[in-house]
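J.: Attaching a single structure in structure tokens format; questions to follow.
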There are 2 protein chains.
Amino acid sequence: MKISVVLANPQLGANIGAAARAMCNLGFLDLRLVNPRDGWPNSEAERNAAGALDIMKAVQVFSSLPDALAGSQYVLATTARPRDMVKPVFSPQRAVDKFGAKSGGSSGIEQLSVVFGAERTGLTNEELSYCHGILTLPTREDFASFNLAQSVLLVLWELKALCKDLPANAIHDADESVDADSDDLARHSDLTVFFSRFEALLAEASFFKSEESRPHVVRNIRNMLLRCEPTNQEIRTFQGIISALSGIKGDD
Amino acid sequence: MKISVVLANPQLGANIGAAARAMCNLGFLDLRLVNPRDGWPNSEAERNAAGALDIMKAVQVFSSLPDALAGSQYVLATTARPRDMVKPVFSPQRAVDKFGAKSGGSSGIEQLSVVFGAERTGLTNEELSYCHGILTLPTREDFASFNLAQSVLLVLWELKALCKDLPANAIHDADESVDADSDDLARHSDLTVFFSRFEALLAEASFFKSEESRPHVVRNIRNMLLRCEPTNQEIRTFQGIISALSGIKGDD
């Protein structure tokens, strides 16, 4: 499935650029603008796109929303404010369920457009009337309005499951980490106290070959110890160990 | 579980503000800054936060990363560039699996911090050495660097499953839509052509009571027809119907 992003009457070039950057991060390359307030091309957009516009398809500019939607078989409007119109309303997951089942081959939707309204006002009822369905994102009720580019990012992030051919579908294989089976993981401040004391004792003991190599060695030790996800008890044990090794009378 | 966002050496107030806005949209209220380049408070941050800073906990500023992490039991570093250090690496889903199982009650992690590096340079090896694990987001390989605020948004969006008490966990109930069982959904341009002709014929037939009410009526018709998700065949049928009703000799 191909997905186009359509920005209807966007105001700020900075937001258009940031939206382009987010699209490109995820591998979506088809951006369309309907009557961008400050014209196109736009230097603020270029600055905020961080090079994305050179990678993407050339941005297309239209003078009406239907023109921008011409090739689409299904159009989703994004709005946090459902209006008094009868339209199917989708959560991101439900959209993936619906279009994922339909997509693929000649028997389904090949071209989906997602429409985003102007920054201050969102989509008008007129604009909504060109759309088949509404896509809503869950937000804090008393602070529901996403920045335009943020909204583009989240919607595409959720819909990318529909596009199997995106270049961004390789997630780094995650190493296995060993879970501590204790019930009392140490807080970072306790670790910091421990590291400071540990490092000082190591220095005192002439453990570091040179001041030059010291930061590198210290980092390696921190990394190793953090990977253990030590518990409070284990940190106390470590403290006891280094005290003992340094010949200090510790409290355990 | 409580999640703190820690921005290490952030450069632009605009990004700090946009990050705060995104946090607040999703219901995360604990933002910490380590040595923000342009100081704090910051007018660009306030402008881009769109009111979020008034809703959130007061932003805390620290002069070192360990200070900002003091209460954390687990620290995730976000980076698209895995370095040559041995650390557990998490995809968002794997992080949710791991910390979701551990979280809750006194037997697990109560305080998680997610650390984001400076805009241009990301996290230094020194900063990474204070973190237990690395969180990576899948991106296009040749365009992998997210804007700082975008990165904060995506990470929190994925991790919000860990925080059951967030105010943003209500998704609007979605209406059921009826799937067209045909194999040939109409493209938007065909629908537009049809609507234009349909509307013109309705006007000719004095269907509209007044020019005033016409836009409203037209929108309602569009909404209704789009809700059908018509196929090409159905649009042809509609064309035939309106031709027939208007006494025009159509081509089917």
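The chains in the structure tokens are called A, B, ... from first to last as shown; in each chain the residues are counted from 1, and the ligands are counted from 1 in the order shown.
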Name all residues at most 9 Å from B:Leu159 (count only C-alpha atoms; drop same-chain ones fewer than 5 positions away) and give them as a list of chain:residue names.
T.: B:Ile3, B:Pro92, B:Gln93, B:Ala95, B:Val96, B:Leu154
J.: Those residues with N, CA and C atoms, as a PDB file, in the first residue's frame please?
T.:
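Okay, part-v3.pdb is ready:
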ATOM      1  N   ILE B   3       7.835   7.629  34.696  1.00  0.00           N
ATOM      2  CA  ILE B   3       8.855   7.813  33.668  1.00  0.00           C
ATOM      3  C   ILE B   3       9.263   9.285  33.608  1.00  0.00           C
ATOM      4  N   PRO B  92      11.322  -0.598  21.114  1.00  0.00           N
ATOM      5  CA  PRO B  92      10.260  -0.126  22.019  1.00  0.00           C
ATOM      6  C   PRO B  92       9.423  -1.291  22.565  1.00  0.00           C
ATOM      7  N   GLN B  93       9.064  -2.216  21.682  1.00  0.00           N
ATOM      8  CA  GLN B  93       8.212  -3.314  22.122  1.00  0.00           C
ATOM      9  C   GLN B  93       8.906  -4.166  23.177  1.00  0.00           C
ATOM     10  N   ALA B  95      11.160  -3.202  25.242  1.00  0.00           N
ATOM     11  CA  ALA B  95      11.212  -2.450  26.496  1.00  0.00           C
ATOM     12  C   ALA B  95       9.891  -2.584  27.249  1.00  0.00           C
ATOM     13  N   VAL B  96       8.804  -2.501  26.523  1.00  0.00           N
ATOM     14  CA  VAL B  96       7.496  -2.632  27.173  1.00  0.00           C
ATOM     15  C   VAL B  96       7.349  -4.036  27.752  1.00  0.00           C
ATOM     16  N   LEU B 154       7.902   9.828  20.134  1.00  0.00           N
ATOM     17  CA  LEU B 154       7.773   8.419  19.739  1.00  0.00           C
ATOM     18  C   LEU B 154       8.092   7.479  20.891  1.00  0.00           C
TER      19      LEU B 154
END
J.: Taking the DSSP assignment computed from this structure's backbone, write out as a list in words all residues of stretch 5-180 of chain B that belong to strand (DSSP E).
T.: Val5, Val6, Leu7, Ala8, Leu31, Arg32, Leu33, Val34, Gln60, Val61, Phe62, Tyr74, Val75, Leu76, Ala77, Thr78, Val89, Phe90, Gln111, Leu112, Ser113, Val114, Val115, Phe116, Gly133, Ile134 and Leu135 of chain B
J.: Would you mind listing what lies within 10 Å of A:Ala58 as JSON, numbers by chain, with only C-alpha atoms counted and same-chain residues fewer than 3 positions away left out?
T.: {"A": [29, 30, 31, 32, 53, 54, 55, 61]}
J.: Just write the chosen residues, N, CA, C and O atoms, as an mmCIF file, in the first residue's frame.
T.:
data_model
loop_
_atom_site.group_PDB
_atom_site.id
_atom_site.type_symbol
_atom_site.label_atom_id
_atom_site.label_comp_id
_atom_site.auth_asym_id
_atom_site.auth_seq_id
_atom_site.Cartn_x
_atom_site.Cartn_y
_atom_site.Cartn_z
ATOM 1 N N LEU A 29 7.560 8.963 1.483
ATOM 2 C CA LEU A 29 8.196 9.942 0.603
ATOM 3 C C LEU A 29 7.227 10.811 -0.188
ATOM 4 O O LEU A 29 7.643 11.632 -0.987
ATOM 5 N N ASP A 30 5.915 10.642 0.043
ATOM 6 C CA ASP A 30 4.923 11.359 -0.768
ATOM 7 C C ASP A 30 4.190 12.409 0.075
ATOM 8 O O ASP A 30 3.253 12.107 0.796
ATOM 9 N N LEU A 31 4.636 13.672 -0.057
ATOM 10 C CA LEU A 31 4.035 14.781 0.698
ATOM 11 C C LEU A 31 3.337 15.726 -0.267
ATOM 12 O O LEU A 31 3.904 16.118 -1.288
ATOM 13 N N ARG A 32 2.095 16.085 0.075
ATOM 14 C CA ARG A 32 1.315 17.001 -0.764
ATOM 15 C C ARG A 32 0.810 18.165 0.073
ATOM 16 O O ARG A 32 0.383 17.961 1.209
ATOM 17 N N LEU A 53 13.951 16.757 2.117
ATOM 18 C CA LEU A 53 13.329 17.121 0.837
ATOM 19 C C LEU A 53 14.158 16.662 -0.352
ATOM 20 O O LEU A 53 13.629 16.483 -1.458
ATOM 21 N N ASP A 54 15.451 16.450 -0.141
ATOM 22 C CA ASP A 54 16.295 15.955 -1.226
ATOM 23 C C ASP A 54 16.107 14.461 -1.460
ATOM 24 O O ASP A 54 16.411 13.945 -2.532
ATOM 25 N N ILE A 55 15.635 13.767 -0.445
ATOM 26 C CA ILE A 55 15.468 12.316 -0.542
ATOM 27 C C ILE A 55 14.066 11.963 -1.037
ATOM 28 O O ILE A 55 13.871 11.006 -1.775
ATOM 29 N N VAL A 61 2.168 20.597 -4.860
ATOM 30 C CA VAL A 61 1.320 21.648 -4.298
ATOM 31 C C VAL A 61 0.024 21.730 -5.100
ATOM 32 O O VAL A 61 0.051 21.720 -6.337
#
J.: Quote the spacing between atom CA of A:Ala18 and atom CA of B:Asp142 in Å to one decimal place.
T.: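 Answer for the atom CA of A:Ala18 to atom CA of B:Asp142 separation: 17.1 Å.
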J.: Residues near B:Leu191, anyone? I mean within 12 Å using only C-alpha atoms, not counting same-chain ones fewer than 5 positions away, as an MDAnalysis selection string.
T.: (chainID A and resid 66:67 69:75 130:132) or (chainID B and resid 185:186 196:199 222:223 225:226 228:236 238:239)
J.: Output the selection as a PDB file, in the first residue's frame - C-alpha atoms for each residue.
T.:
ATOM      1  CA  PRO A  66      -9.889  17.072  -3.969  1.00  0.00           C
ATOM      2  CA  ASP A  67      -7.045  17.642  -6.450  1.00  0.00           C
ATOM      3  CA  LEU A  69      -6.626  13.371  -3.192  1.00  0.00           C
ATOM      4  CA  ALA A  70      -7.232  12.488  -6.840  1.00  0.00           C
ATOM      5  CA  GLY A  71      -5.510   9.087  -6.885  1.00  0.00           C
ATOM      6  CA  SER A  72      -6.621   7.975  -3.408  1.00  0.00           C
ATOM      7  CA  GLN A  73      -8.987   5.116  -2.820  1.00  0.00           C
ATOM      8  CA  TYR A  74      -9.450   5.872   0.849  1.00  0.00           C
ATOM      9  CA  VAL A  75      -8.937   9.121   2.740  1.00  0.00           C
ATOM     10  CA  TYR A 130     -13.966  14.879   1.317  1.00  0.00           C
ATOM     11  CA  CYS A 131     -12.691  12.170   3.652  1.00  0.00           C
ATOM     12  CA  HIS A 132     -14.016   8.652   4.118  1.00  0.00           C
TER      13      HIS A 132
ATOM     14  CA  LEU B 185     -12.652   0.686  -4.856  1.00  0.00           C
ATOM     15  CA  ALA B 186     -13.151   3.980  -6.650  1.00  0.00           C
ATOM     16  CA  SER B 196     -19.524  17.525  -9.371  1.00  0.00           C
ATOM     17  CA  ARG B 197     -21.877  16.134 -11.964  1.00  0.00           C
ATOM     18  CA  PHE B 198     -24.306  14.963  -9.312  1.00  0.00           C
ATOM     19  CA  GLU B 199     -24.370  18.361  -7.616  1.00  0.00           C
ATOM     20  CA  ARG B 222     -20.655  13.520   0.175  1.00  0.00           C
ATOM     21  CA  ASN B 223     -20.283  12.164   3.696  1.00  0.00           C
ATOM     22  CA  LEU B 225     -21.659   8.444  -0.179  1.00  0.00           C
ATOM     23  CA  LEU B 226     -18.073   8.217   1.051  1.00  0.00           C
ATOM     24  CA  CYS B 228     -20.355   3.558   1.436  1.00  0.00           C
ATOM     25  CA  GLU B 229     -16.790   3.239   0.132  1.00  0.00           C
ATOM     26  CA  PRO B 230     -18.139   2.879  -3.380  1.00  0.00           C
ATOM     27  CA  THR B 231     -16.429   0.751  -5.989  1.00  0.00           C
ATOM     28  CA  ASN B 232     -15.858   1.849  -9.571  1.00  0.00           C
ATOM     29  CA  GLN B 233     -18.775  -0.275 -10.678  1.00  0.00           C
ATOM     30  CA  GLU B 234     -21.007   1.359  -8.078  1.00  0.00           C
ATOM     31  CA  ILE B 235     -19.963   4.829  -9.205  1.00  0.00           C
ATOM     32  CA  ARG B 236     -20.788   3.887 -12.785  1.00  0.00           C
ATOM     33  CA  PHE B 238     -24.727   5.933  -9.692  1.00  0.00           C
ATOM     34  CA  GLN B 239     -23.824   7.852 -12.841  1.00  0.00           C
TER      35      GLN B 239
END
